>>> print(open('data.pdb').read())   # PDB, C-alpha atoms
MODEL        1
ATOM      1  CA  MET A  13     -17.012 -11.879  -7.378
ATOM      2  CA  TYR A  14     -14.320  -9.343  -6.520
ATOM      3  CA  VAL A  15     -11.670 -10.032  -3.913
ATOM      4  CA  MET A  16     -10.225  -7.543  -1.429
ATOM      5  CA  LEU A  17      -6.974  -7.698   0.459
ATOM      6  CA  GLY A  18      -6.479  -5.412   3.457
ATOM      7  CA  ALA A  19     -10.187  -5.159   4.258
ATOM      8  CA  ASN A  20      -9.453  -4.296   7.883
ATOM      9  CA  GLY A  21      -7.220  -1.420   6.827
ATOM     10  CA  ARG A  22      -8.030   2.013   5.485
ATOM     11  CA  ALA A  23      -7.957   1.655   1.696
ATOM     12  CA  GLY A  24      -8.942  -2.018   1.515
ATOM     13  CA  GLY A  25     -11.826  -1.493   3.907
ATOM     14  CA  GLU A  26     -13.162   1.477   1.966
ATOM     15  CA  THR A  27     -12.885  -0.454  -1.307
ATOM     16  CA  ALA A  28     -14.773  -3.426   0.116
ATOM     17  CA  ARG A  29     -17.476  -1.177   1.571
ATOM     18  CA  ALA A  30     -17.831   0.683  -1.737
ATOM     19  CA  LEU A  31     -18.381  -2.561  -3.647
ATOM     20  CA  ILE A  32     -20.835  -3.884  -1.058
ATOM     21  CA  GLU A  33     -22.802  -0.633  -1.230
ATOM     22  CA  MET A  34     -22.980  -1.113  -5.013
ATOM     23  CA  GLU A  35     -24.313  -4.647  -4.333
ATOM     24  CA  VAL A  36     -21.347  -6.213  -6.092
ATOM     25  CA  PRO A  37     -20.430  -9.718  -4.821
ATOM     26  CA  THR A  38     -17.371  -9.196  -2.632
ATOM     27  CA  ARG A  39     -14.930 -11.502  -0.883
ATOM     28  CA  VAL A  40     -12.546 -10.211   1.751
ATOM     29  CA  VAL A  41      -9.331 -12.049   2.597
ATOM     30  CA  LEU A  42      -8.563 -11.969   6.312
ATOM     31  CA  ARG A  43      -5.706 -13.331   8.377
ATOM     32  CA  ARG A  44      -7.816 -14.547  11.307
ATOM     33  CA  PRO A  45     -11.238 -16.268  11.415
ATOM     34  CA  GLU A  46     -12.379 -14.149  14.368
ATOM     35  CA  GLN A  47     -12.316 -11.094  12.084
ATOM     36  CA  ALA A  48     -14.925 -12.588   9.754
ATOM     37  CA  GLY A  49     -18.163 -11.832  11.612
ATOM     38  CA  ALA A  50     -18.446  -8.127  10.846
ATOM     39  CA  TRP A  51     -17.831  -8.704   7.139
ATOM     40  CA  ILE A  52     -20.295 -11.582   6.920
ATOM     41  CA  ASP A  53     -22.874  -9.300   8.553
ATOM     42  CA  ARG A  54     -22.224  -6.767   5.781
ATOM     43  CA  GLY A  55     -22.898  -9.432   3.163
ATOM     44  CA  ALA A  56     -19.339 -10.273   2.131
ATOM     45  CA  ASP A  57     -17.882 -13.686   1.485
ATOM     46  CA  VAL A  58     -14.765 -14.401   3.569
ATOM     47  CA  ALA A  59     -11.545 -16.287   2.859
ATOM     48  CA  ILE A  60      -8.842 -16.854   5.456
ATOM     49  CA  ALA A  61      -5.218 -16.624   4.331
ATOM     50  CA  SER A  62      -2.050 -14.737   5.141
ATOM     51  CA  ILE A  63      -0.579 -12.551   2.438
ATOM     52  CA  GLU A  64       2.556 -14.725   2.279
ATOM     53  CA  ASP A  65       0.481 -17.881   1.614
ATOM     54  CA  VAL A  66       0.603 -18.214  -2.175
ATOM     55  CA  GLN A  67      -1.708 -21.247  -2.211
ATOM     56  CA  GLY A  68      -4.221 -19.640   0.148
ATOM     57  CA  ILE A  69      -4.330 -16.348  -1.751
ATOM     58  CA  ALA A  70      -4.553 -18.167  -5.083
ATOM     59  CA  ALA A  71      -7.526 -20.170  -3.764
ATOM     60  CA  ALA A  72      -9.253 -16.948  -2.677
ATOM     61  CA  LEU A  73      -8.678 -15.481  -6.164
ATOM     62  CA  SER A  74      -9.493 -18.602  -8.182
ATOM     63  CA  ASP A  75     -13.081 -17.779  -9.179
ATOM     64  CA  ALA A  76     -12.818 -13.988  -9.052
ATOM     65  CA  SER A  77     -13.460 -11.447 -11.805
ATOM     66  CA  GLY A  78     -10.851  -9.154 -10.277
ATOM     67  CA  ALA A  79      -9.056  -8.248  -7.083
ATOM     68  CA  PHE A  80      -7.793  -5.279  -5.119
ATOM     69  CA  LEU A  81      -4.246  -6.065  -3.995
ATOM     70  CA  LEU A  82      -1.879  -4.251  -1.690
ATOM     71  CA  SER A  83       1.302  -4.663   0.280
ATOM     72  CA  PRO A  84       0.667  -3.955   3.985
ATOM     73  CA  ALA A  85       2.604  -1.170   5.645
ATOM     74  CA  PRO A  86       5.693  -2.723   7.279
ATOM     75  CA  VAL A  87       5.832  -2.731  11.069
ATOM     76  CA  SER A  88       9.244  -4.314  11.651
ATOM     77  CA  GLY A  89      12.355  -5.605   9.888
ATOM     78  CA  ASP A  90      13.677  -4.469   6.533
ATOM     79  CA  PRO A  91      10.644  -2.933   4.748
ATOM     80  CA  TYR A  92      12.221  -3.219   1.298
ATOM     81  CA  ARG A  93      13.021  -6.906   1.620
ATOM     82  CA  ARG A  94       9.569  -7.530   3.068
ATOM     83  CA  ALA A  95       7.899  -5.727   0.156
ATOM     84  CA  ASP A  96       9.932  -7.755  -2.321
ATOM     85  CA  GLU A  97       8.771 -10.997  -0.688
ATOM     86  CA  ILE A  98       5.126  -9.926  -0.632
ATOM     87  CA  GLY A  99       5.184  -8.670  -4.214
ATOM     88  CA  SER A 100       6.659 -11.935  -5.414
ATOM     89  CA  ALA A 101       4.083 -13.976  -3.477
ATOM     90  CA  LEU A 102       1.140 -11.948  -4.791
ATOM     91  CA  ALA A 103       2.323 -12.170  -8.389
ATOM     92  CA  ARG A 104       2.651 -15.942  -8.121
ATOM     93  CA  ALA A 105      -0.835 -16.200  -6.599
ATOM     94  CA  VAL A 106      -2.352 -14.044  -9.363
ATOM     95  CA  ARG A 107      -0.766 -16.188 -12.064
ATOM     96  CA  GLN A 108      -1.693 -19.438 -10.366
ATOM     97  CA  ALA A 109      -5.329 -18.349 -10.029
ATOM     98  CA  GLY A 110      -5.545 -17.070 -13.598
ATOM     99  CA  LEU A 111      -6.958 -13.805 -12.262
ATOM    100  CA  PRO A 112      -8.195 -11.634 -15.154
ATOM    101  CA  LYS A 113      -8.013  -8.201 -13.514
ATOM    102  CA  VAL A 114      -5.962  -6.491 -10.793
ATOM    103  CA  VAL A 115      -6.179  -3.088  -9.160
ATOM    104  CA  ALA A 116      -3.062  -2.677  -7.029
ATOM    105  CA  LEU A 117      -2.715   0.029  -4.398
ATOM    106  CA  SER A 118       0.457   2.006  -4.965
ATOM    107  CA  SER A 119       1.337   5.664  -4.307
ATOM    108  CA  VAL A 120       2.190   8.932  -5.961
ATOM    109  CA  GLY A 121       5.966   8.770  -6.462
ATOM    110  CA  ALA A 122       6.103   5.018  -7.052
ATOM    111  CA  GLN A 123       7.595   5.578 -10.507
ATOM    112  CA  HIS A 124      10.964   6.045  -8.777
ATOM    113  CA  THR A 125      13.167   3.169  -7.651
ATOM    114  CA  ALA A 126      14.736   5.200  -4.821
ATOM    115  CA  GLY A 127      14.722   8.602  -3.154
ATOM    116  CA  THR A 128      11.151   8.219  -1.915
ATOM    117  CA  GLY A 129      11.653   6.251   1.282
ATOM    118  CA  ILE A 130       8.958   3.739   2.024
ATOM    119  CA  ILE A 131       7.152   4.523  -1.247
ATOM    120  CA  ALA A 132       9.919   2.570  -2.999
ATOM    121  CA  THR A 133       8.328  -0.565  -1.529
ATOM    122  CA  LEU A 134       5.349   0.123  -3.797
ATOM    123  CA  HIS A 135       7.633   0.477  -6.806
ATOM    124  CA  SER A 136       8.692  -3.065  -5.947
ATOM    125  CA  LEU A 137       5.059  -4.218  -5.772
ATOM    126  CA  GLU A 138       4.353  -2.720  -9.202
ATOM    127  CA  ARG A 139       7.459  -4.369 -10.655
ATOM    128  CA  HIS A 140       6.415  -7.815  -9.450
ATOM    129  CA  LEU A 141       2.798  -7.515 -10.596
ATOM    130  CA  LYS A 142       3.559  -6.272 -14.104
ATOM    131  CA  GLY A 143       2.448  -8.885 -16.616
ATOM    132  CA  SER A 144       0.769 -11.101 -14.026
ATOM    133  CA  ALA A 145      -2.793 -10.523 -15.294
ATOM    134  CA  PRO A 146      -4.433  -9.422 -18.575
ATOM    135  CA  ALA A 147      -5.661  -6.171 -16.966
ATOM    136  CA  ILE A 148      -3.638  -4.347 -14.308
ATOM    137  CA  THR A 149      -4.248  -0.897 -12.895
ATOM    138  CA  PHE A 150      -1.724   0.632 -10.502
ATOM    139  CA  LEU A 151      -3.692   3.094  -8.377
ATOM    140  CA  ARG A 152      -1.374   5.798  -7.047
ATOM    141  CA  PRO A 153      -3.152   8.021  -4.529
ATOM    142  CA  GLY A 154      -1.637  10.983  -2.759
ATOM    143  CA  TYR A 155      -0.991  11.278   0.975
ATOM    144  CA  PHE A 156      -3.958   9.847   2.899
ATOM    145  CA  VAL A 157      -5.823  12.551   4.829
ATOM    146  CA  GLU A 158      -6.645   9.850   7.386
ATOM    147  CA  THR A 159      -2.944   9.560   8.214
ATOM    148  CA  TRP A 160      -3.512  12.676  10.326
ATOM    149  CA  GLY A 161      -5.609  10.472  12.569
ATOM    150  CA  GLU A 162      -2.342   9.184  14.031
ATOM    151  CA  VAL A 163      -1.760  12.591  15.665
ATOM    152  CA  ALA A 164      -5.382  13.724  15.987
ATOM    153  CA  GLN A 165      -5.488  13.169  19.753
ATOM    154  CA  ALA A 166      -2.981  15.993  20.210
ATOM    155  CA  ALA A 167      -5.221  18.285  18.164
ATOM    156  CA  VAL A 168      -8.289  17.293  20.178
ATOM    157  CA  THR A 169      -6.723  17.558  23.627
ATOM    158  CA  ASP A 170      -3.904  20.104  23.227
ATOM    159  CA  GLY A 171      -4.765  22.176  20.180
ATOM    160  CA  VAL A 172      -1.587  21.222  18.295
ATOM    161  CA  LEU A 173      -1.087  19.184  15.143
ATOM    162  CA  PRO A 174       2.362  17.551  15.002
ATOM    163  CA  SER A 175       3.677  17.490  11.438
ATOM    164  CA  PHE A 176       6.708  16.238   9.532
ATOM    165  CA  LEU A 177       5.440  18.256   6.555
ATOM    166  CA  GLU A 178       6.419  21.898   6.118
ATOM    167  CA  PRO A 179       3.302  23.727   7.342
ATOM    168  CA  ALA A 180       2.659  25.736   4.174
ATOM    169  CA  GLN A 181       3.686  23.119   1.571
ATOM    170  CA  ARG A 182       0.692  21.880  -0.378
ATOM    171  CA  ILE A 183       0.922  18.286  -1.554
ATOM    172  CA  PRO A 184      -1.481  15.814  -3.185
ATOM    173  CA  MET A 185      -3.734  14.493  -0.415
ATOM    174  CA  VAL A 186      -6.857  12.387  -0.686
ATOM    175  CA  SER A 187      -9.343  10.738   1.648
ATOM    176  CA  THR A 188      -9.298   6.959   1.803
ATOM    177  CA  VAL A 189     -13.039   7.124   1.103
ATOM    178  CA  ASP A 190     -12.153   8.453  -2.351
ATOM    179  CA  VAL A 191      -9.460   5.788  -2.689
ATOM    180  CA  GLY A 192     -12.012   3.051  -2.007
ATOM    181  CA  ARG A 193     -14.624   4.483  -4.347
ATOM    182  CA  THR A 194     -12.057   4.921  -7.121
ATOM    183  CA  ALA A 195     -10.609   1.430  -6.672
ATOM    184  CA  ALA A 196     -14.099  -0.064  -6.813
ATOM    185  CA  ARG A 197     -14.897   1.797 -10.037
ATOM    186  CA  LEU A 198     -11.581   0.755 -11.574
ATOM    187  CA  LEU A 199     -12.302  -2.886 -10.796
ATOM    188  CA  LEU A 200     -15.633  -2.653 -12.594
ATOM    189  CA  GLU A 201     -14.318  -0.831 -15.658
ATOM    190  CA  ASP A 202     -13.897  -2.704 -18.929
ATOM    191  CA  PHE A 203     -10.147  -2.448 -19.370
ATOM    192  CA  ARG A 204      -7.295  -4.583 -20.690
ATOM    193  CA  GLY A 205      -3.591  -3.912 -20.535
ATOM    194  CA  GLU A 206      -1.606  -1.985 -17.920
ATOM    195  CA  ARG A 207      -2.130   1.564 -16.745
ATOM    196  CA  VAL A 208      -1.250   3.948 -13.950
ATOM    197  CA  VAL A 209      -4.079   5.971 -12.406
ATOM    198  CA  GLU A 210      -3.036   8.743 -10.030
ATOM    199  CA  LEU A 211      -5.553  10.049  -7.513
ATOM    200  CA  ALA A 212      -5.670  13.321  -5.590
ATOM    201  CA  GLY A 213      -8.332  15.065  -3.578
ATOM    202  CA  PRO A 214     -10.380  18.002  -4.857
ATOM    203  CA  HIS A 215      -7.445  20.292  -4.005
ATOM    204  CA  ALA A 216      -3.825  20.046  -2.870
ATOM    205  CA  TRP A 217      -3.653  20.683   0.877
ATOM    206  CA  SER A 218      -0.985  21.641   3.410
ATOM    207  CA  ALA A 219      -0.527  20.890   7.084
ATOM    208  CA  ASN A 220      -1.815  24.425   7.723
ATOM    209  CA  ASP A 221      -4.984  23.568   5.792
ATOM    210  CA  VAL A 222      -5.434  20.403   7.853
ATOM    211  CA  ALA A 223      -4.955  22.335  11.101
ATOM    212  CA  ALA A 224      -7.537  24.887   9.940
ATOM    213  CA  ALA A 225     -10.001  22.061   9.291
ATOM    214  CA  PHE A 226      -9.371  20.674  12.788
ATOM    215  CA  SER A 227      -9.900  24.184  14.178
ATOM    216  CA  GLN A 228     -13.260  24.423  12.439
ATOM    217  CA  VAL A 229     -14.430  20.968  13.518
ATOM    218  CA  LEU A 230     -13.276  21.397  17.125
ATOM    219  CA  ASP A 231     -14.314  25.065  17.367
ATOM    220  CA  ARG A 232     -10.937  25.934  18.883
ATOM    221  CA  THR A 233      -7.594  27.006  17.479
ATOM    222  CA  VAL A 234      -5.342  24.175  16.333
ATOM    223  CA  ASP A 235      -1.783  25.123  15.349
ATOM    224  CA  VAL A 236       0.750  23.082  13.394
ATOM    225  CA  ALA A 237       3.686  21.899  15.501
ATOM    226  CA  PHE A 238       6.368  21.349  12.871
ATOM    227  CA  VAL A 239       8.865  18.655  13.879
ATOM    228  CA  PRO A 240      12.355  19.548  12.584
ATOM    229  CA  ILE A 241      14.345  16.964  10.675
ATOM    230  CA  GLU A 242      16.874  16.408  13.456
ATOM    231  CA  SER A 243      14.126  15.476  15.951
ATOM    232  CA  ARG A 244      12.059  13.100  13.843
ATOM    233  CA  ALA A 245      13.965   9.857  14.425
ATOM    234  CA  MET A 246      13.713  10.412  18.162
ATOM    235  CA  VAL A 247       9.957  11.057  17.886
ATOM    236  CA  LEU A 248       9.416   7.822  15.970
ATOM    237  CA  ALA A 249      11.625   5.857  18.364
ATOM    238  CA  ARG A 250       9.579   7.185  21.273
ATOM    239  CA  GLU A 251       6.458   5.926  19.499
ATOM    240  CA  GLY A 252       8.024   2.457  19.220
ATOM    241  CA  VAL A 253       8.714   2.521  15.478
ATOM    242  CA  PRO A 254      11.663   0.207  14.673
ATOM    243  CA  ALA A 255      14.746   1.932  13.275
ATOM    244  CA  GLU A 256      14.586   0.364   9.784
ATOM    245  CA  VAL A 257      10.925   1.292   9.366
ATOM    246  CA  ALA A 258      11.536   4.784  10.764
ATOM    247  CA  GLU A 259      14.331   5.393   8.274
ATOM    248  CA  ALA A 260      12.035   4.428   5.397
ATOM    249  CA  LEU A 261       9.247   6.680   6.675
ATOM    250  CA  LEU A 262      11.612   9.612   7.060
ATOM    251  CA  GLY A 263      12.824   9.049   3.512
ATOM    252  CA  MET A 264       9.265   9.513   2.314
ATOM    253  CA  TYR A 265       8.946  12.858   4.086
ATOM    254  CA  GLU A 266      12.257  13.931   2.591
ATOM    255  CA  GLY A 267      10.914  12.992  -0.842
ATOM    256  CA  LEU A 268       7.747  14.997  -0.205
ATOM    257  CA  ALA A 269       9.777  18.015   0.904
ATOM    258  CA  ASN A 270      12.092  18.010  -2.113
ATOM    259  CA  GLY A 271       9.348  17.305  -4.657
ATOM    260  CA  ARG A 272      10.463  13.817  -5.698
ATOM    261  CA  VAL A 273       7.214  12.307  -4.404
ATOM    262  CA  THR A 274       4.941  13.750  -7.059
ATOM    263  CA  PHE A 275       2.828  12.873 -10.061
ATOM    264  CA  GLU A 276       4.313  11.061 -13.051
ATOM    265  CA  ALA A 277       4.154  12.860 -16.369
ATOM    266  CA  GLY A 278       1.729  11.171 -18.730
ATOM    267  CA  ALA A 279      -0.105   9.126 -16.098
ATOM    268  CA  GLN A 280      -3.880   9.168 -16.026
ATOM    269  CA  ARG A 281      -5.146  11.533 -13.321
ATOM    270  CA  ARG A 282      -8.391  11.394 -11.351
ATOM    271  CA  LEU A 283      -9.757  13.599  -8.587
ATOM    272  CA  GLY A 284     -11.691  12.539  -5.521
ATOM    273  CA  SER A 285     -14.660  14.475  -4.197
ATOM    274  CA  VAL A 286     -14.388  14.236  -0.394
ATOM    275  CA  PRO A 287     -13.655  17.702   1.073
ATOM    276  CA  LEU A 288     -10.900  18.068   3.641
ATOM    277  CA  LEU A 289     -13.366  19.238   6.295
ATOM    278  CA  GLU A 290     -15.512  16.135   5.857
ATOM    279  CA  ALA A 291     -12.507  13.832   6.187
ATOM    280  CA  VAL A 292     -11.285  15.637   9.305
ATOM    281  CA  GLU A 293     -14.753  15.446  10.847
ATOM    282  CA  ARG A 294     -14.586  11.656  10.545
ATOM    283  CA  ILE A 295     -11.092  11.623  12.030
ATOM    284  CA  VAL A 296     -12.285  13.623  15.051
ATOM    285  CA  GLN A 297     -15.326  11.401  15.533
ATOM    286  CA  SER A 298     -13.114   8.289  15.445
ATOM    287  CA  THR A 299     -10.615   9.851  17.860
ATOM    288  CA  ARG A 300     -13.331  10.725  20.338
ATOM    289  CA  ARG A 301     -14.789   7.202  20.151
ATOM    290  CA  GLY A 302     -11.407   5.677  20.866
ATOM    291  CA  PRO A 303     -10.282   2.127  19.991
ATOM    292  CA  ALA A 304     -13.045  -0.220  18.872
TER     293      ALA A 304
ENDMDL
END
>>> encode(input="data.pdb", output="structure tokens")
Amino acid sequence: MYVMLGANGRAGGETARALIEMEVPTRVVLRRPEQAGAWIDRGADVAIASIEDVQGIAAALSDASGAFLLSPAPVSGDPYRRADEIGSALARAVRQAGLPKVVALSSVGAQHTAGTGIIATLHSLERHLKGSAPAITFLRPGYFVETWGEVAQAAVTDGVLPSFLEPAQRIPMVSTVDVGRTAARLLLEDFRGERVVELAGPHAWSANDVAAAFSQVLDRTVDVAFVPIESRAMVLAREGVPAEVAEALLGMYEGLANGRVTFEAGAQRRLGSVPLLEAVERIVQSTRRGPA
């Protein structure tokens, strides 16, 4: 049995689906019982616990061969303090359960303690989990292609793709489908000790490349609308992002722009296989369907 946190999110959901497709016994940990039905229909076992509940998480992990762990993206408050609390709680739950294997979702750039904005919260997660299980893999993917889904409606309706990334700057990007498939394989590998596995897509891509993919899928021109640094805080505030979270997000984009958010020398590197066009096609389909 393998346990998944974050099954209703992007990476956790793709990891759970990958394991289920491989017919591997899978348990998803959910916050609310009403979320269980869809996963039971897929054949998963379900445990109900909040990520802060050390006893509840430990119970969900107690008979598992391994688990995919993550720290949810912060939505309010101090994201660094929140990440520290979650990392501590997860490490205690892993130790209490005697879990033999962990794959923890981190990020490219998490080797740094600062200068990476919100990615520093994942450095904190790694720090807490070190030594908590006999086998630990820190999976550090690049920028999720599916993050562009947050601004895809503008591409679909107006032909513009808002971007905090310099249009021509190519960075490590990867589809969450590849993240899930890779995490599932890592969980099933025979491994002991601690390692970092960095994951990128088949190529490095830029905002211009993403806009070109939207143009092809939509059969209309989509242009990048670069948001200058001085306007970004206002954009996030208008979207309802709390100031502390916005500051951390903007720090990440600064780290991407100046090259601090990048691969770590000596880390194991893997490449996904999902093409950019395929990922953008799914984003467009989801955008057109609207909220579930």
>>> atom_distance(input="data.pdb", atom1="atom CA of A:Val247", atom2="atom CA of A:Gly302")
22.2 Å
>>> closest_residue(input="data.pdb", among="A:Leu177, A:Ala70, A:Leu111, A:Ile98", to="A:Pro240", atoms="all atoms listed in the file")
A:Leu177
>>> residues_around(input="data.pdb", residues="A:Ile69", least_positions_apart="5", cutoff="12 Å", atoms="all atoms listed in the file", output="ChimeraX atom specification")
/A:15-17,39-43,58-64,74-76,79,81,98,101-111
>>> closest_residue(input="data.pdb", among="A:Leu199, A:Val257, A:Ile130, A:Val286", to="A:Met185", atoms="only C-alpha atoms")
A:Val286
>>> closest_residue(input="data.pdb", among="A:Arg250, A:Arg300, A:His215, A:His140", to="A:Leu283", atoms="only C-alpha atoms")
A:His215
>>> atom_distance(input="data.pdb", atom1="atom CA of A:Lys113", atom2="atom CA of A:Asp53")
26.6 Å
>>> residues_around(input="data.pdb", residues="stretch 123-128 of chain A", least_positions_apart="3", cutoff="6 Å", atoms="all atoms listed in the file", output="ChimeraX atom specification")
/A:131-132,263-264,267
>>> residues_around(input="data.pdb", residues="A:Ala291", least_positions_apart="5", cutoff="8 Å", atoms="only C-alpha atoms", output="mmCIF file with C-alpha atoms, keeping the file's coordinate frame")
data_model
loop_
_atom_site.group_PDB
_atom_site.id
_atom_site.type_symbol
_atom_site.label_atom_id
_atom_site.label_comp_id
_atom_site.auth_asym_id
_atom_site.auth_seq_id
_atom_site.Cartn_x
_atom_site.Cartn_y
_atom_site.Cartn_z
ATOM 1 C CA VAL A 157 -5.823 12.551 4.829
ATOM 2 C CA GLU A 158 -6.645 9.850 7.386
ATOM 3 C CA SER A 187 -9.343 10.738 1.648
ATOM 4 C CA VAL A 286 -14.388 14.236 -0.394
#
